[in-house]
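K.L.:
File start_24.json below, JSON, C-alpha atoms:
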```json
[["chain", "number", "residue", "atom", "x", "y", "z"],
["F", 208, "MET", "CA", 225.19, 43.76, 190.53],
["F", 209, "ALA", "CA", 222.23, 41.39, 190.42],
["F", 210, "GLU", "CA", 222.78, 38.06, 188.78],
["F", 211, "ILE", "CA", 220.14, 36.79, 186.37],
["F", 212, "LYS", "CA", 220.16, 33.08, 185.70],
["F", 213, "LEU", "CA", 219.08, 31.75, 182.34],
["F", 214, "GLU", "CA", 216.33, 29.70, 184.01],
["F", 215, "ASP", "CA", 214.95, 32.85, 185.68],
["F", 216, "PHE", "CA", 214.96, 34.71, 182.38],
["F", 217, "ASN", "CA", 213.18, 31.84, 180.61],
["F", 218, "GLU", "CA", 210.59, 31.72, 183.40],
["F", 219, "GLU", "CA", 209.92, 35.46, 183.15],
["F", 220, "LEU", "CA", 209.78, 35.27, 179.36],
["F", 221, "ALA", "CA", 207.20, 32.46, 179.60],
["F", 222, "LYS", "CA", 205.09, 34.65, 181.94],
["F", 223, "ALA", "CA", 205.23, 37.49, 179.41],
["F", 224, "ALA", "CA", 204.26, 35.17, 176.56],
["F", 225, "ASN", "CA", 201.21, 34.03, 178.54],
["F", 226, "LEU", "CA", 200.01, 37.62, 178.63],
["F", 227, "PHE", "CA", 199.22, 37.45, 174.94],
["F", 228, "THR", "CA", 196.54, 34.81, 175.12],
["F", 229, "PRO", "CA", 193.70, 35.09, 172.61],
["F", 230, "LYS", "CA", 191.57, 36.68, 175.35],
["F", 231, "LYS", "CA", 194.21, 39.34, 176.10],
["F", 232, "ILE", "CA", 194.75, 40.03, 172.41],
["F", 233, "LYS", "CA", 191.02, 40.70, 172.08],
["F", 234, "GLN", "CA", 191.16, 43.02, 175.09],
["F", 235, "ILE", "CA", 193.87, 45.00, 173.26],
["F", 236, "GLN", "CA", 192.29, 44.72, 169.81],
["F", 237, "PHE", "CA", 188.81, 46.01, 170.66],
["F", 238, "PRO", "CA", 189.77, 49.48, 171.99],
["F", 239, "ILE", "CA", 192.26, 49.95, 169.17],
["F", 240, "LEU", "CA", 189.59, 49.18, 166.58],
["F", 241, "LYS", "CA", 187.14, 51.52, 168.35],
["F", 242, "PHE", "CA", 189.83, 54.24, 168.30],
["F", 243, "TYR", "CA", 190.26, 53.69, 164.56],
["F", 244, "GLU", "CA", 186.49, 53.71, 164.07],
["F", 245, "GLY", "CA", 186.30, 57.16, 165.63],
["F", 246, "THR", "CA", 189.22, 58.65, 163.71],
["F", 247, "SER", "CA", 188.16, 57.25, 160.35],
["F", 248, "LYS", "CA", 184.53, 58.31, 160.78],
["F", 249, "TYR", "CA", 185.61, 61.83, 161.66],
["F", 250, "ARG", "CA", 187.88, 62.01, 158.59],
["F", 251, "ILE", "CA", 185.25, 60.63, 156.22],
["F", 252, "PHE", "CA", 181.95, 61.97, 157.51],
["F", 253, "ASN", "CA", 183.02, 65.25, 159.13],
["F", 254, "GLU", "CA", 185.98, 66.35, 157.02],
["F", 255, "GLY", "CA", 184.95, 64.60, 153.78],
["F", 256, "LYS", "CA", 188.48, 63.27, 153.19],
["F", 257, "ALA", "CA", 189.74, 60.21, 151.37],
["F", 258, "THR", "CA", 192.59, 57.98, 152.52],
["F", 259, "ASP", "CA", 195.15, 60.17, 150.71],
["F", 260, "GLY", "CA", 193.95, 63.27, 152.59],
["F", 261, "SER", "CA", 192.24, 64.88, 149.60],
["F", 262, "LEU", "CA", 188.55, 65.74, 149.55],
["F", 263, "ILE", "CA", 186.37, 62.79, 148.60],
["F", 264, "GLY", "CA", 184.72, 65.04, 146.06],
["F", 265, "ARG", "CA", 181.98, 67.60, 145.54],
["F", 266, "TYR", "CA", 178.25, 67.19, 145.19],
["F", 267, "ARG", "CA", 177.48, 67.78, 141.51],
["F", 268, "SER", "CA", 173.75, 67.20, 141.25],
["F", 269, "LEU", "CA", 171.80, 70.43, 141.82],
["F", 270, "SER", "CA", 168.71, 68.50, 142.91],
["F", 271, "TYR", "CA", 170.75, 66.50, 145.45],
["F", 272, "LYS", "CA", 172.38, 69.70, 146.74],
["F", 273, "LYS", "CA", 168.91, 71.23, 147.21],
["F", 274, "ALA", "CA", 167.71, 68.11, 149.03],
["F", 275, "ARG", "CA", 170.75, 68.26, 151.33],
["F", 276, "GLU", "CA", 170.25, 71.96, 152.02],
["F", 277, "ALA", "CA", 166.57, 71.35, 152.79],
["F", 278, "LYS", "CA", 167.67, 68.86, 155.47],
["F", 279, "GLY", "CA", 170.24, 71.31, 156.87],
["F", 280, "ARG", "CA", 173.25, 69.49, 155.40],
["F", 281, "GLN", "CA", 176.33, 71.20, 154.02],
["F", 282, "THR", "CA", 177.04, 71.05, 150.28],
["F", 283, "GLY", "CA", 180.57, 72.44, 150.08],
["F", 284, "TYR", "CA", 182.17, 68.99, 149.83],
["F", 285, "LYS", "CA", 181.10, 65.35, 149.73],
["F", 286, "ASP", "CA", 180.88, 63.98, 153.28],
["F", 287, "LEU", "CA", 178.79, 60.85, 152.57],
["F", 288, "GLU", "CA", 176.35, 61.81, 155.34],
["F", 289, "PHE", "CA", 172.66, 62.33, 154.82],
["F", 290, "PHE", "CA", 170.56, 60.26, 157.22],
["F", 291, "GLY", "CA", 173.49, 58.65, 159.06],
["F", 292, "ASP", "CA", 172.86, 55.10, 157.85],
["F", 293, "LEU", "CA", 176.27, 54.74, 156.22],
["F", 294, "ARG", "CA", 178.06, 56.13, 159.29],
["F", 295, "ARG", "CA", 176.19, 53.73, 161.58],
["F", 296, "SER", "CA", 176.89, 50.79, 159.27],
["F", 297, "LEU", "CA", 180.65, 51.38, 159.49],
["F", 298, "THR", "CA", 181.50, 49.86, 162.86],
["F", 299, "VAL", "CA", 183.45, 47.40, 164.97],
["F", 300, "GLY", "CA", 181.81, 44.01, 165.08],
["F", 301, "THR", "CA", 182.72, 40.36, 165.20],
["F", 302, "ASN", "CA", 183.51, 37.78, 162.57],
["F", 303, "GLY", "CA", 183.58, 34.45, 164.35],
["F", 304, "ASP", "CA", 185.82, 34.95, 167.38],
["F", 305, "GLU", "CA", 187.61, 37.99, 165.95],
["F", 306, "PHE", "CA", 186.87, 41.69, 166.23],
["F", 307, "VAL", "CA", 186.69, 43.37, 162.83],
["F", 308, "PHE", "CA", 186.04, 46.85, 161.50],
["F", 309, "GLY", "CA", 183.88, 47.28, 158.45],
["F", 310, "PHE", "CA", 180.35, 47.62, 157.20],
["F", 311, "ALA", "CA", 177.69, 45.87, 159.25],
["F", 312, "THR", "CA", 175.21, 45.78, 156.37],
["F", 313, "ASP", "CA", 175.43, 44.74, 152.74],
["F", 314, "LYS", "CA", 173.76, 48.02, 151.80],
["F", 315, "GLY", "CA", 176.52, 49.98, 153.56],
["F", 316, "ARG", "CA", 179.24, 47.88, 151.93],
["F", 317, "LEU", "CA", 177.72, 48.35, 148.48],
["F", 318, "ILE", "CA", 177.36, 52.12, 148.95],
["F", 319, "GLY", "CA", 180.95, 52.26, 150.19],
["F", 320, "GLN", "CA", 182.22, 50.36, 147.14],
["F", 321, "TYR", "CA", 180.14, 52.54, 144.84],
["F", 322, "GLN", "CA", 181.55, 55.74, 146.37],
["F", 323, "GLU", "CA", 185.12, 54.54, 145.85],
["F", 324, "THR", "CA", 184.32, 53.61, 142.24],
["F", 325, "GLN", "CA", 182.44, 56.85, 141.57],
["F", 326, "THR", "CA", 185.15, 59.09, 143.03],
["F", 327, "GLY", "CA", 188.14, 56.99, 141.96],
["F", 328, "LYS", "CA", 189.50, 57.37, 145.50],
["F", 329, "GLU", "CA", 190.28, 55.03, 148.33],
["F", 330, "ILE", "CA", 188.08, 56.11, 151.23],
["F", 331, "TRP", "CA", 187.77, 53.28, 153.76],
["F", 332, "SER", "CA", 191.43, 52.31, 154.29],
["F", 333, "PRO", "CA", 193.40, 54.00, 157.07],
["F", 334, "THR", "CA", 195.61, 56.98, 156.30],
["F", 335, "SER", "CA", 199.33, 56.82, 157.08],
["F", 336, "SER", "CA", 198.66, 59.14, 160.04],
["F", 337, "GLU", "CA", 195.90, 56.87, 161.33],
["F", 338, "ILE", "CA", 198.23, 53.86, 161.02],
["F", 339, "LYS", "CA", 200.91, 55.70, 163.02],
["F", 340, "ASP", "CA", 198.38, 56.57, 165.74],
["F", 341, "ILE", "CA", 197.15, 52.97, 165.86],
["F", 342, "ASN", "CA", 200.72, 51.68, 166.13],
["F", 343, "LYS", "CA", 201.47, 54.11, 168.97],
["F", 344, "LEU", "CA", 198.38, 52.95, 170.84],
["F", 345, "LEU", "CA", 199.26, 49.31, 170.20],
["F", 346, "ALA", "CA", 202.82, 49.80, 171.47],
["F", 347, "LYS", "CA", 201.45, 51.48, 174.58],
["F", 348, "GLU", "CA", 199.09, 48.57, 175.28],
["F", 349, "ILE", "CA", 201.80, 45.96, 174.68],
["F", 350, "THR", "CA", 204.17, 47.86, 176.98],
["F", 351, "LYS", "CA", 201.53, 47.87, 179.73],
["F", 352, "CYS", "CA", 201.16, 44.11, 179.38],
["F", 353, "LEU", "CA", 204.90, 43.51, 179.48],
["F", 354, "LYS", "CA", 205.38, 45.76, 182.51],
["F", 355, "SER", "CA", 202.77, 43.82, 184.41],
["F", 356, "ALA", "CA", 204.68, 40.59, 183.68],
["F", 357, "PHE", "CA", 208.04, 41.72, 185.01]]
```
Rewrite the coordinates I just gave you, this time as structure tokens.
P.N.:
Amino acid sequence: MAEIKLEDFNEELAKAANLFTPKKIKQIQFPILKFYEGTSKYRIFNEGKATDGSLIGRYRSLSYKKAREAKGRQTGYKDLEFFGDLRRSLTVGTNGDEFVFGFATDKGRLIGQYQETQTGKEIWSPTSSEIKDINKLLAKEITKCLKSAF
């Protein structure tokens, strides 16, 4: 049986801790946020679903429905997509030295807030399923880092 000395363990543990430098954290954070960007955009803009999994709502205005149909857009449920500006505004960006996910424009943020107020539903927060998927991906990335240290 191999003998592990306390000094050796402490040395290996220090190597592992060095893996999680701010630079490495950003290298893990960016792809995870991009993964979330894709899953949340699909849920919101393709499926028209709120954070709780229910439909965001229905288009009520007949004139707006006609305008959507004239542009080849569906009208069966609210998907918050017309020209694509809101979808493009919701993105991964930076805030100082940190990667963040949110609206890139004030207009997008205001429309997003308005939609949550109008529908009475949380739309922009992750679902429990999305959180589980993010945590799985995060665990996988952390495991890769730890394996490379030992």
K.L.:
Within 9 Å of (195.1, 59.2, 151.9) (file coordinates; all atoms listed in the file), which protein or nucleic acid residues are there? I'd like them as a PyMOL selection string.
P.N.:
chain F and resi 256-261+328-330+332-336
K.L.:
Would you kindly return, as a VMD selection string, each protein, DNA or RNA residue with an atom no farther than 12 Å from any atom of Lys248 (chain F), considering only C-alpha atoms and excluding same-chain residues fewer than 4 positions away?
P.N.:
chain F and resid 240 to 244 252 to 258 286 to 288 291 293 to 299 308 to 309 330 to 333 337
K.L.:
Work out how far CA of Asp292 (chain F) is from CA of Tyr249 (chain F), in Å to one decimal.
P.N.:
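Going from CA of Tyr249 (chain F) over to CA of Asp292 (chain F) covers 14.9 Å.
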K.L.:
Using all atoms listed in the file for the distances, tell me which of F:Arg316, F:Lys285, F:Lys339, F:Lys231 is nearest to Lys351 (chain F).
P.N.:
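Among the listed residues, F:Lys231 lies closest to Lys351 (chain F).
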K.L.:
Would you give the centre and edge lengths, in Å to one decimal, of a box along x, y and z around the listed atoms of region 330-345 of chain F, with 5 Å added to each side, as lines of an AutoDock Vina configuration file?
P.N.:
```
center_x = 194.6
center_y = 54.2
center_z = 161.0
size_x = 23.7
size_y = 19.8
size_z = 29.6
```
K.L.:
When you count all atoms listed in the file, which of these residues is closest to Gln322 (chain F): F:Tyr266, F:Ile349, F:Leu226, F:Gln234?
P.N.:
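Distance minimum relative to Gln322 (chain F) lands on F:Tyr266.
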K.L.:
Provide the CA of Phe290 (chain F) to CA of Tyr321 (chain F) distance in Å, to one decimal place.
P.N.:
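These atoms are spaced 17.5 Å apart.
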K.L.:
Using Å and a single decimal, report how far CA of Ile232 (chain F) sits from CA of Gly315 (chain F).
P.N.:
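Distance reported for this atom pair: 28.0 Å.
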K.L.:
What are the nearest atom pairs, with distances in Å to one decimal, for all residues of region 246-357 of chain F that come at most 9 Å from region 236-239 of chain F, using all atoms listed in the file, set out by chain and rising residue number as JSON lines?
P.N.:
```
{"residue": "F:Val299", "atom": "CA", "partner": "F:Phe237", "partner_atom": "CA", "distance": 7.9}
{"residue": "F:Phe306", "atom": "CA", "partner": "F:Phe237", "partner_atom": "CA", "distance": 6.5}
{"residue": "F:Val307", "atom": "CA", "partner": "F:Phe237", "partner_atom": "CA", "distance": 8.5}
{"residue": "F:Ile341", "atom": "CA", "partner": "F:Ile239", "partner_atom": "CA", "distance": 6.6}
{"residue": "F:Leu344", "atom": "CA", "partner": "F:Ile239", "partner_atom": "CA", "distance": 7.0}
{"residue": "F:Leu345", "atom": "CA", "partner": "F:Ile239", "partner_atom": "CA", "distance": 7.1}
```
K.L.:
Identify which of the residues F:Ile338, F:Ser247, F:Thr282, F:Asn302 lies closest to Ser270 (chain F), counting all atoms listed in the file when measuring atom-to-atom distances.
P.N.:
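Among the listed residues, F:Thr282 lies closest to Ser270 (chain F).
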K.L.:
Pick out the closest residue to Ala277 (chain F) from this set: F:Ser355, F:Thr326, F:Ala311, F:Phe289. Count only C-alpha atoms.
P.N.:
F:Phe289
